[in-house]
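Dumped data_29.json below, it's JSON, C-alpha atoms:
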```json
[["chain", "number", "residue", "atom", "x", "y", "z"],
["A", 534, "MET", "CA", -21.32, 10.01, -8.77],
["A", 535, "CYS", "CA", -18.26, 9.40, -10.95],
["A", 536, "ILE", "CA", -15.23, 7.26, -10.09],
["A", 537, "ARG", "CA", -13.05, 10.32, -9.47],
["A", 538, "ASP", "CA", -15.44, 11.59, -6.78],
["A", 539, "ARG", "CA", -15.80, 8.15, -5.17],
["A", 540, "TYR", "CA", -12.06, 7.65, -4.72],
["A", 541, "GLN", "CA", -11.25, 11.22, -3.78],
["A", 542, "ARG", "CA", -13.76, 10.95, -0.96],
["A", 543, "ARG", "CA", -12.16, 7.74, 0.29],
["A", 544, "VAL", "CA", -8.50, 8.38, -0.38],
["A", 545, "HIS", "CA", -7.65, 12.04, 0.06],
["A", 546, "GLY", "CA", -5.28, 14.11, 2.09],
["A", 547, "GLU", "CA", -7.71, 16.53, 3.71],
["A", 548, "VAL", "CA", -7.53, 14.84, 7.12],
["A", 549, "THR", "CA", -3.77, 14.34, 6.74],
["A", 550, "ILE", "CA", -3.34, 18.08, 6.20],
["A", 551, "ASP", "CA", -5.77, 19.11, 8.95],
["A", 552, "PRO", "CA", -6.64, 16.31, 11.45],
["A", 553, "ALA", "CA", -9.11, 18.65, 13.19],
["A", 554, "LYS", "CA", -11.46, 18.37, 10.18],
["A", 555, "ASP", "CA", -12.28, 14.81, 11.20],
["A", 556, "PRO", "CA", -10.45, 13.65, 14.36],
["A", 557, "ASN", "CA", -12.08, 10.20, 14.28],
["A", 558, "LEU", "CA", -10.96, 9.55, 10.71],
["A", 559, "HIS", "CA", -7.49, 10.81, 11.59],
["A", 560, "LYS", "CA", -7.28, 8.35, 14.53],
["A", 561, "MET", "CA", -8.55, 5.52, 12.37],
["A", 562, "LEU", "CA", -6.01, 6.22, 9.61],
["A", 563, "LEU", "CA", -3.23, 5.98, 12.19],
["A", 564, "GLN", "CA", -4.27, 2.32, 12.64],
["A", 565, "VAL", "CA", -4.68, 1.43, 8.96],
["A", 566, "VAL", "CA", -1.81, -0.41, 7.28],
["A", 567, "GLY", "CA", -3.16, -0.94, 3.79],
["A", 568, "PHE", "CA", -6.03, -0.82, 1.34],
["A", 569, "ASP", "CA", -7.75, -3.78, -0.30],
["A", 570, "THR", "CA", -10.30, -3.70, -3.09],
["A", 571, "VAL", "CA", -13.40, -5.80, -3.47],
["A", 572, "ASP", "CA", -15.14, -6.32, -6.77],
["A", 573, "ASP", "CA", -16.64, -9.02, -8.93],
["A", 574, "GLU", "CA", -13.71, -9.90, -11.15],
["A", 575, "SER", "CA", -15.76, -12.46, -13.05],
["A", 576, "VAL", "CA", -17.79, -9.71, -14.79],
["A", 577, "PHE", "CA", -16.69, -9.42, -18.41],
["A", 578, "GLU", "CA", -15.03, -6.08, -19.23],
["A", 579, "LYS", "CA", -15.95, -4.93, -22.71],
["A", 580, "ALA", "CA", -14.31, -1.51, -22.84],
["A", 581, "GLY", "CA", -11.50, -1.26, -25.37],
["A", 582, "MET", "CA", -8.19, 0.44, -24.64],
["A", 583, "ARG", "CA", -8.87, 3.30, -27.05],
["A", 584, "ASN", "CA", -12.15, 4.21, -25.33],
["A", 585, "ILE", "CA", -10.50, 4.12, -21.91],
["A", 586, "ILE", "CA", -7.61, 6.39, -22.79],
["A", 587, "GLU", "CA", -10.03, 8.99, -24.12],
["A", 588, "GLN", "CA", -12.10, 9.07, -20.91],
["A", 589, "SER", "CA", -11.08, 10.91, -17.78],
["A", 590, "PRO", "CA", -12.18, 9.63, -14.34],
["A", 591, "ASP", "CA", -15.02, 12.13, -14.12],
["A", 592, "MET", "CA", -16.64, 10.50, -17.18],
["A", 593, "TRP", "CA", -17.15, 7.11, -15.50],
["A", 594, "ASP", "CA", -20.33, 6.71, -13.46],
["A", 595, "LEU", "CA", -21.77, 4.03, -11.18],
["A", 596, "GLU", "CA", -23.74, 2.41, -14.00],
["A", 597, "GLN", "CA", -20.69, 1.87, -16.18],
["A", 598, "SER", "CA", -17.56, 1.26, -14.19],
["A", 599, "PRO", "CA", -14.15, 1.30, -15.85],
["A", 600, "PRO", "CA", -12.18, -1.92, -16.32],
["A", 601, "TYR", "CA", -10.12, -3.36, -13.48],
["A", 602, "PHE", "CA", -6.75, -2.01, -14.61],
["A", 603, "TYR", "CA", -8.11, 1.53, -15.01],
["A", 604, "TRP", "CA", -9.62, 1.96, -11.55],
["A", 605, "THR", "CA", -6.81, -0.04, -9.94],
["A", 606, "TYR", "CA", -4.30, 2.43, -11.36],
["A", 607, "TYR", "CA", -6.45, 5.37, -10.28],
["A", 608, "LEU", "CA", -6.67, 4.04, -6.74],
["A", 609, "TYR", "CA", -2.92, 3.27, -6.69],
["A", 610, "ALA", "CA", -2.08, 6.81, -7.85],
["A", 611, "ASN", "CA", -4.23, 8.32, -5.10],
["A", 612, "ILE", "CA", -2.67, 6.09, -2.41],
["A", 613, "TYR", "CA", 0.80, 6.93, -3.73],
["A", 614, "THR", "CA", 0.08, 10.67, -3.50],
["A", 615, "LEU", "CA", -1.47, 10.30, -0.05],
["A", 616, "ASN", "CA", 1.54, 8.28, 1.15],
["A", 617, "HIS", "CA", 3.90, 11.02, -0.01],
["A", 618, "LEU", "CA", 1.91, 13.61, 1.89],
["A", 619, "ARG", "CA", 1.69, 11.45, 5.04],
["A", 620, "SER", "CA", 5.39, 10.61, 4.91],
["A", 621, "GLN", "CA", 6.30, 14.30, 4.79],
["A", 622, "ARG", "CA", 4.29, 14.80, 7.98],
["A", 623, "GLY", "CA", 5.84, 11.83, 9.78],
["A", 624, "LEU", "CA", 2.60, 9.80, 9.63],
["A", 625, "ASN", "CA", 2.15, 6.15, 8.75],
["A", 626, "THR", "CA", 1.78, 5.21, 5.09],
["A", 627, "PHE", "CA", -0.36, 2.57, 3.42],
["A", 628, "LYS", "CA", 0.27, -0.57, 1.39],
["A", 629, "PHE", "CA", -1.85, -1.35, -1.64],
["A", 630, "ARG", "CA", -3.14, -4.94, -1.57],
["A", 631, "PRO", "CA", -5.92, -5.27, -4.15],
["A", 632, "HIS", "CA", -8.34, -8.16, -4.36],
["A", 633, "CYS", "CA", -7.05, -9.81, -7.49],
["A", 634, "GLY", "CA", -6.77, -13.08, -9.35],
["A", 635, "GLU", "CA", -9.62, -14.98, -7.72],
["A", 636, "SER", "CA", -11.66, -15.10, -10.91],
["A", 637, "GLY", "CA", -11.90, -13.18, -14.13],
["A", 638, "ASN", "CA", -9.27, -12.14, -16.59],
["A", 639, "ILE", "CA", -5.60, -12.93, -15.97],
["A", 640, "ASP", "CA", -4.87, -9.31, -17.00],
["A", 641, "HIS", "CA", -5.93, -8.31, -13.49],
["A", 642, "LEU", "CA", -2.84, -10.08, -12.15],
["A", 643, "VAL", "CA", -0.67, -8.20, -14.64],
["A", 644, "ALA", "CA", -2.10, -4.84, -13.50],
["A", 645, "ALA", "CA", -1.60, -5.77, -9.85],
["A", 646, "PHE", "CA", 1.98, -6.87, -10.50],
["A", 647, "LEU", "CA", 2.76, -3.40, -11.82],
["A", 648, "LEU", "CA", 0.99, -1.52, -9.00],
["A", 649, "ALA", "CA", 0.53, -3.53, -5.83],
["A", 650, "ASP", "CA", 2.68, -4.26, -2.80],
["A", 651, "SER", "CA", 0.93, -7.63, -2.52],
["A", 652, "ILE", "CA", -2.41, -9.10, -3.55],
["A", 653, "ASN", "CA", -5.33, -10.79, -1.85],
["A", 654, "HIS", "CA", -6.31, -14.12, -3.43],
["A", 655, "GLY", "CA", -4.33, -14.64, -6.64],
["A", 656, "VAL", "CA", -5.23, -18.30, -7.13],
["A", 657, "ARG", "CA", -5.50, -17.82, -10.90],
["A", 658, "ILE", "CA", -1.78, -17.11, -11.04],
["A", 659, "ASN", "CA", -1.36, -20.86, -11.45],
["A", 660, "LYS", "CA", -2.69, -20.38, -15.02],
["A", 661, "SER", "CA", 0.40, -18.40, -16.00],
["A", 662, "PRO", "CA", 3.91, -19.71, -15.30],
["A", 663, "VAL", "CA", 5.34, -16.38, -16.48],
["A", 664, "LEU", "CA", 3.31, -14.44, -13.92],
["A", 665, "GLN", "CA", 4.24, -16.96, -11.22],
["A", 666, "TYR", "CA", 7.88, -16.39, -12.05],
["A", 667, "ILE", "CA", 7.80, -12.58, -12.04],
["A", 668, "TYR", "CA", 5.68, -12.47, -8.87],
["A", 669, "TYR", "CA", 8.26, -14.77, -7.26],
["A", 670, "MET", "CA", 11.26, -12.77, -8.53],
["A", 671, "LYS", "CA", 9.81, -9.46, -7.31],
["A", 672, "GLN", "CA", 8.50, -11.14, -4.11],
["A", 673, "VAL", "CA", 4.96, -9.82, -4.54],
["A", 674, "GLY", "CA", 3.03, -11.48, -1.73],
["A", 675, "LEU", "CA", -0.13, -13.52, -2.17],
["A", 676, "ALA", "CA", -2.68, -13.65, 0.65],
["A", 677, "ILE", "CA", -4.62, -16.76, -0.32],
["A", 678, "SER", "CA", -7.84, -17.70, 1.44],
["A", 679, "PRO", "CA", -8.68, -21.36, 0.68],
["A", 680, "VAL", "CA", -11.93, -21.18, 2.69],
["A", 681, "SER", "CA", -13.18, -18.16, 0.73],
["A", 682, "ASN", "CA", -12.02, -19.70, -2.54],
["A", 683, "ASN", "CA", -13.80, -22.97, -1.73],
["A", 684, "LYS", "CA", -17.04, -21.13, -0.98],
["A", 685, "LEU", "CA", -16.98, -18.91, -4.07],
["A", 686, "PHE", "CA", -14.86, -20.24, -6.93],
["A", 687, "LEU", "CA", -12.45, -23.09, -6.30],
["A", 688, "ASN", "CA", -12.88, -26.36, -4.43],
["A", 689, "TYR", "CA", -10.24, -27.31, -1.88],
["A", 690, "ASP", "CA", -9.00, -30.21, -4.00],
["A", 691, "LYS", "CA", -8.24, -27.84, -6.90],
["A", 692, "SER", "CA", -6.63, -25.12, -4.80],
["A", 693, "PRO", "CA", -3.04, -24.23, -5.72],
["A", 694, "PHE", "CA", -2.43, -23.26, -2.07],
["A", 695, "PRO", "CA", -0.31, -26.33, -1.18],
["A", 696, "GLU", "CA", 1.71, -25.89, -4.37],
["A", 697, "PHE", "CA", 2.37, -22.19, -3.72],
["A", 698, "PHE", "CA", 3.60, -22.77, -0.20],
["A", 699, "ALA", "CA", 5.45, -26.07, -0.62]]
```

So that I can check it, write out the structure of this file as structure tokens.
Amino acid sequence: MCIRDRYQRRVHGEVTIDPAKDPNLHKMLLQVVGFDTVDDESVFEKAGMRNIIEQSPDMWDLEQSPPYFYWTYYLYANIYTLNHLRSQRGLNTFKFRPHCGESGNIDHLVAAFLLADSINHGVRINKSPVLQYIYYMKQVGLAISPVSNNKLFLNYDKSPFPEFFA
């Protein structure tokens, strides 16, 4: 299954257009306020920009996933389109709050800044004063989870949480 098929199955307008196709999904979507993403950001991404631009979403498969910024944009674009459709029908729309900046490349925080309403985690933003500044100026929210960070990547005593919310 390619990335295009995975996301079109999850984020599509079929139930928005015709709720009778899946009444349970329609009811559930009325309660949803946003979408998060979960991935292992610490995995090194070796794909170069040139290779990515030349590949359409149907060329990526489960064995070789695209880099963070590629699939994040693809998911954002699908949510944006779905929100437009839902808004036209007077239905609730969704925020995009990707899992970002807990580990891995700082570029993930750049991609999320351009696409997201807010982000989940984001503790690595303390490595870039420029990103801290633009996140602050645009008021992109950070949902930081010190307990999760302590368990997975960052001890409490090194957490930027107190600094961010001082």

Could you give me, as a list in words, the residues within 7 Å of stretch 688-699 of chain A, counting all atoms listed in the file and dropping anything in the same chain fewer than 4 positions from it?
->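 In the requested format, the answer is Val656, Asn659, Pro679, Asn682 and Asn683 of chain A.
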
Have a look at A:Asp640, A:Thr626, A:Gly655, A:Val680 and name the one nearest to A:Gln564; count only C-alpha atoms.
->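 Comparing A:Asp640, A:Thr626, A:Gly655, A:Val680 against A:Gln564, the winner is A:Thr626.
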
For each of A:Val566, A:Ile677, A:Leu558, A:Ala645, take the minimum atom-to-atom distance to A:Phe602, counting only C-alpha atoms, then give the residue where this is smallest.
->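 Nearest to A:Phe602: A:Ala645.
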
Can you tell me, as a list in words, which residues sit within 12 Å of (2.0, -13.0, -17.1) in the file's frame, using all atoms listed in the file?
->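 Here the neighbourhood of the point contains Gly634, Asn638, Ile639, Asp640, His641, Leu642, Val643, Ala644, Ala645, Phe646, Leu647, Arg657, Ile658, Asn659, Lys660, Ser661, Pro662, Val663, Leu664, Gln665, Tyr666, Ile667, Tyr668 and Tyr669 of chain A.
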
Which is closer to A:Asp573 than all the others in A:Pro556, A:Pro600, A:Gly674, A:Gly623, using only C-alpha atoms?
-> A:Pro600

How about completing stretch 621-641 of chain A with N, CA and C atoms and giving it to me as a compact mmCIF listing (two decimals), in the coordinates of the input?
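Dumped everything to part-v3.txt:
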```txt
# COMPACT_ATOMS: atom_id res chain seq x y z
N GLN A 621 5.74 12.97 4.52
CA GLN A 621 6.30 14.30 4.79
C GLN A 621 5.91 14.82 6.17
N ARG A 622 4.77 14.36 6.67
CA ARG A 622 4.29 14.80 7.98
C ARG A 622 4.63 13.82 9.10
N GLY A 623 5.42 12.81 8.77
CA GLY A 623 5.84 11.83 9.78
C GLY A 623 4.74 10.86 10.18
N LEU A 624 3.71 10.71 9.34
CA LEU A 624 2.60 9.80 9.63
C LEU A 624 2.82 8.45 8.93
N ASN A 625 2.06 7.45 9.38
CA ASN A 625 2.15 6.15 8.75
C ASN A 625 1.69 6.22 7.29
N THR A 626 2.19 5.30 6.49
CA THR A 626 1.78 5.21 5.09
C THR A 626 1.06 3.88 4.88
N PHE A 627 0.50 3.71 3.70
CA PHE A 627 -0.36 2.57 3.42
C PHE A 627 0.18 1.69 2.30
N LYS A 628 -0.03 0.39 2.45
CA LYS A 628 0.27 -0.57 1.39
C LYS A 628 -0.98 -0.70 0.52
N PHE A 629 -0.75 -1.10 -0.72
CA PHE A 629 -1.85 -1.35 -1.64
C PHE A 629 -1.90 -2.84 -1.91
N ARG A 630 -2.98 -3.48 -1.47
CA ARG A 630 -3.14 -4.94 -1.57
C ARG A 630 -4.48 -5.26 -2.22
N PRO A 631 -4.61 -5.08 -3.51
CA PRO A 631 -5.92 -5.27 -4.15
C PRO A 631 -6.38 -6.73 -4.16
N HIS A 632 -7.67 -6.88 -4.16
CA HIS A 632 -8.34 -8.16 -4.36
C HIS A 632 -8.12 -8.48 -5.83
N CYS A 633 -7.46 -9.58 -6.11
CA CYS A 633 -7.05 -9.81 -7.49
C CYS A 633 -6.80 -11.29 -7.74
N GLY A 634 -7.15 -11.74 -8.92
CA GLY A 634 -6.77 -13.08 -9.35
C GLY A 634 -7.58 -14.21 -8.76
N GLU A 635 -8.76 -13.91 -8.24
CA GLU A 635 -9.62 -14.98 -7.72
C GLU A 635 -10.48 -15.55 -8.84
N SER A 636 -10.88 -14.69 -9.74
CA SER A 636 -11.66 -15.10 -10.91
C SER A 636 -11.41 -14.06 -11.98
N GLY A 637 -12.02 -14.21 -13.11
CA GLY A 637 -11.90 -13.18 -14.13
C GLY A 637 -10.62 -13.27 -14.95
N ASN A 638 -10.36 -12.21 -15.63
CA ASN A 638 -9.27 -12.14 -16.59
C ASN A 638 -7.89 -12.16 -15.90
N ILE A 639 -6.96 -12.86 -16.50
CA ILE A 639 -5.60 -12.93 -15.97
C ILE A 639 -4.90 -11.57 -16.05
N ASP A 640 -5.42 -10.67 -16.89
CA ASP A 640 -4.87 -9.31 -17.00
C ASP A 640 -4.92 -8.58 -15.67
N HIS A 641 -5.85 -8.94 -14.81
CA HIS A 641 -5.93 -8.31 -13.49
C HIS A 641 -4.64 -8.56 -12.70
```
